[in-house]
Amino acid sequence: MTEIIIEGVLFVALGVTVATLFYVVILHFTPVGVRLRQTRNRRRIDRAADLVCPIHGPRATTDLVRLTGGDVMCPDCYKETFHG
(Lines give C-alpha, C1' and ligand atoms only; values in the text may rest on other atoms or scores of the structure.)
Protein backbone atom coordinates (compact mmCIF):
# COMPACT_ATOMS: atom_id res chain seq x y z
CA MET A 1 0.00 0.00 0.00
CA THR A 2 2.82 2.39 0.84
CA GLU A 3 4.44 1.76 -2.54
CA ILE A 4 1.24 2.80 -4.33
CA ILE A 5 1.01 6.05 -2.37
CA ILE A 6 4.68 6.85 -2.98
CA GLU A 7 4.25 6.10 -6.68
CA GLY A 8 1.23 8.42 -6.84
CA VAL A 9 3.08 11.23 -5.09
CA LEU A 10 6.09 10.82 -7.39
CA PHE A 11 3.84 10.83 -10.44
CA VAL A 12 2.23 14.10 -9.34
CA ALA A 13 5.67 15.56 -8.59
CA LEU A 14 6.84 14.55 -12.08
CA GLY A 15 3.81 16.24 -13.64
CA VAL A 16 4.41 19.44 -11.69
CA THR A 17 8.10 19.41 -12.63
CA VAL A 18 7.35 18.96 -16.33
CA ALA A 19 4.74 21.74 -16.24
CA THR A 20 7.14 24.09 -14.45
CA LEU A 21 9.93 23.34 -16.93
CA PHE A 22 7.54 23.97 -19.83
CA TYR A 23 6.47 27.28 -18.27
CA VAL A 24 10.08 28.41 -17.76
CA VAL A 25 11.03 27.47 -21.32
CA ILE A 26 8.04 29.35 -22.71
CA LEU A 27 8.81 32.48 -20.68
CA HIS A 28 12.55 32.64 -21.34
CA PHE A 29 13.15 31.22 -24.80
CA THR A 30 10.16 32.15 -26.97
CA PRO A 31 8.71 35.35 -28.40
CA VAL A 32 5.68 34.84 -26.15
CA GLY A 33 7.89 35.26 -23.09
CA VAL A 34 9.45 38.41 -24.51
CA ARG A 35 6.01 39.83 -25.20
CA LEU A 36 4.80 39.00 -21.68
CA ARG A 37 7.88 40.63 -20.11
CA GLN A 38 7.44 43.75 -22.25
CA THR A 39 3.78 43.99 -21.27
CA ARG A 40 4.65 43.60 -17.59
CA ASN A 41 7.35 46.27 -17.85
CA ARG A 42 5.01 48.62 -19.71
CA ARG A 43 2.36 48.28 -16.99
CA ARG A 44 4.93 48.95 -14.27
CA ILE A 45 6.18 52.07 -16.07
CA ASP A 46 2.62 53.31 -16.67
CA ARG A 47 1.76 52.85 -12.99
CA ALA A 48 4.88 54.77 -11.97
CA ALA A 49 4.07 57.55 -14.45
CA ASP A 50 0.54 57.84 -13.06
CA LEU A 51 1.97 58.63 -9.64
CA VAL A 52 3.74 61.78 -10.90
CA CYS A 53 1.71 64.98 -10.98
CA PRO A 54 3.05 67.33 -13.69
CA ILE A 55 2.55 70.33 -11.38
CA HIS A 56 3.28 69.03 -7.88
CA GLY A 57 5.70 66.17 -8.56
CA PRO A 58 5.69 62.52 -7.45
CA ARG A 59 3.10 61.22 -5.00
CA ALA A 60 2.59 57.99 -3.08
CA THR A 61 -0.26 55.71 -4.09
CA THR A 62 -2.00 56.25 -0.76
CA ASP A 63 -1.95 60.07 -1.19
CA LEU A 64 -3.93 60.14 -4.43
CA VAL A 65 -7.64 61.00 -4.51
CA ARG A 66 -9.88 58.54 -6.38
CA LEU A 67 -12.62 60.25 -8.38
CA THR A 68 -16.07 58.79 -9.02
CA GLY A 69 -15.09 57.82 -12.57
CA GLY A 70 -12.20 55.68 -11.27
CA ASP A 71 -9.42 58.11 -12.18
CA VAL A 72 -6.93 59.30 -9.59
CA MET A 73 -5.81 62.86 -8.95
CA CYS A 74 -3.13 64.59 -6.92
CA PRO A 75 -4.63 65.90 -3.63
CA ASP A 76 -3.30 69.41 -4.25
CA CYS A 77 -4.81 69.48 -7.75
CA TYR A 78 -8.08 68.19 -6.27
CA LYS A 79 -8.15 71.00 -3.73
CA GLU A 80 -7.33 73.60 -6.37
CA THR A 81 -9.94 72.26 -8.79
CA PHE A 82 -12.88 71.64 -6.49
CA HIS A 83 -12.30 74.02 -3.57
CA GLY A 84 -10.80 77.01 -5.38
# chains A, B, ... in the order shown; residues from 1 in each chain; ligands from 1
call {"tool": "residues_around", "arguments": {"residues": "Pro75 (chain A)", "least_positions_apart": "3", "cutoff": "8 Å", "atoms": "only C-alpha atoms", "output": "short mmCIF file (atom, residue, chain, number, x, y, z; two decimals) with N, CA and C atoms, in the first residue's frame"}}
result
data_model
loop_
_atom_site.label_atom_id
_atom_site.label_comp_id
_atom_site.auth_asym_id
_atom_site.auth_seq_id
_atom_site.Cartn_x
_atom_site.Cartn_y
_atom_site.Cartn_z
N ASP A 63 -1.63 58.65 -1.25
CA ASP A 63 -1.95 60.07 -1.19
C ASP A 63 -2.95 60.49 -2.25
N LEU A 64 -3.09 59.73 -3.31
CA LEU A 64 -3.93 60.14 -4.43
C LEU A 64 -5.41 60.08 -4.08
N VAL A 65 -6.20 60.94 -4.71
CA VAL A 65 -7.64 61.00 -4.51
C VAL A 65 -8.30 60.26 -5.66
N TYR A 78 -6.68 68.38 -6.66
CA TYR A 78 -8.08 68.19 -6.27
C TYR A 78 -8.57 69.40 -5.48
N LYS A 79 -7.77 69.83 -4.53
CA LYS A 79 -8.15 71.00 -3.73
C LYS A 79 -8.27 72.24 -4.60
#
call {"tool": "select_by_dssp", "arguments": {"residues": "chain A", "states": "helix (DSSP H, G or I)", "output": "number ranges by chain"}}
result
A: 2-29, 31-50, 61-63, 75-82
call {"tool": "closest_atom_pairs", "arguments": {"of": "region 31-73 of chain A", "to": "region 10-26 of chain A", "cutoff": "10 Å", "atoms": "only C-alpha atoms", "output": "tab-separated table"}}
result
residue	atom	partner	partner_atom	distance
A:Pro31	CA	A:Ile26	CA	8.3
A:Val32	CA	A:Ile26	CA	6.9
A:Gly33	CA	A:Ile26	CA	5.9
A:Val34	CA	A:Ile26	CA	9.3
call {"tool": "select_by_dssp", "arguments": {"residues": "chain A", "states": "strand (DSSP E)", "output": "PyMOL selection string"}}
result
chain A and resi 52-53+57-58+65-66+72-73
call {"tool": "write_last_selection", "arguments": {"atoms": "all heavy atoms", "output": "short mmCIF file (atom, residue, chain, number, x, y, z; two decimals), in the first residue's frame"}}
result
data_model
loop_
_atom_site.label_atom_id
_atom_site.label_comp_id
_atom_site.auth_asym_id
_atom_site.auth_seq_id
_atom_site.Cartn_x
_atom_site.Cartn_y
_atom_site.Cartn_z
N VAL A 52 3.03 60.50 -10.81
CA VAL A 52 3.74 61.78 -10.90
C VAL A 52 2.78 62.84 -11.41
O VAL A 52 2.26 62.76 -12.52
CB VAL A 52 4.96 61.67 -11.83
CG1 VAL A 52 5.64 63.03 -11.96
CG2 VAL A 52 5.93 60.64 -11.31
N CYS A 53 2.54 63.84 -10.58
CA CYS A 53 1.71 64.98 -10.98
C CYS A 53 2.61 65.95 -11.74
O CYS A 53 3.71 66.29 -11.28
CB CYS A 53 1.13 65.67 -9.74
SG CYS A 53 0.21 67.17 -10.11
N GLY A 57 4.65 67.18 -8.68
CA GLY A 57 5.70 66.17 -8.56
C GLY A 57 5.17 64.79 -8.15
O GLY A 57 3.97 64.54 -8.16
N PRO A 58 6.08 63.90 -7.78
CA PRO A 58 5.69 62.52 -7.45
C PRO A 58 4.88 62.43 -6.16
O PRO A 58 5.08 63.19 -5.23
CB PRO A 58 7.03 61.79 -7.31
CG PRO A 58 8.04 62.84 -7.10
CD PRO A 58 7.51 64.11 -7.70
N VAL A 65 -6.20 60.94 -4.71
CA VAL A 65 -7.64 61.00 -4.51
C VAL A 65 -8.30 60.26 -5.66
O VAL A 65 -8.04 60.55 -6.82
CB VAL A 65 -8.12 62.46 -4.46
CG1 VAL A 65 -9.64 62.53 -4.34
CG2 VAL A 65 -7.44 63.22 -3.36
N ARG A 66 -9.17 59.29 -5.35
CA ARG A 66 -9.88 58.54 -6.38
C ARG A 66 -11.19 59.24 -6.68
O ARG A 66 -12.01 59.47 -5.80
CB ARG A 66 -10.13 57.10 -5.96
CG ARG A 66 -10.79 56.29 -7.06
CD ARG A 66 -10.69 54.82 -6.85
NE ARG A 66 -9.36 54.30 -6.71
CZ ARG A 66 -8.52 54.03 -7.73
NH1 ARG A 66 -8.89 54.27 -8.95
NH2 ARG A 66 -7.33 53.52 -7.50
N VAL A 72 -7.57 58.79 -10.80
CA VAL A 72 -6.93 59.30 -9.59
C VAL A 72 -6.36 60.68 -9.87
O VAL A 72 -6.02 61.02 -11.01
CB VAL A 72 -5.82 58.35 -9.08
CG1 VAL A 72 -6.41 57.07 -8.57
CG2 VAL A 72 -4.79 58.09 -10.14
N MET A 73 -6.27 61.48 -8.81
CA MET A 73 -5.81 62.86 -8.95
C MET A 73 -4.95 63.22 -7.75
O MET A 73 -5.18 62.74 -6.64
CB MET A 73 -7.03 63.79 -9.04
CG MET A 73 -6.72 65.24 -9.22
SD MET A 73 -8.21 66.25 -9.23
CE MET A 73 -8.54 66.30 -10.97
#
call {"tool": "atom_distance", "arguments": {"atom1": "CA of Asp46 (chain A)", "atom2": "CA of Cys74 (chain A)"}}
result
16.0 Å
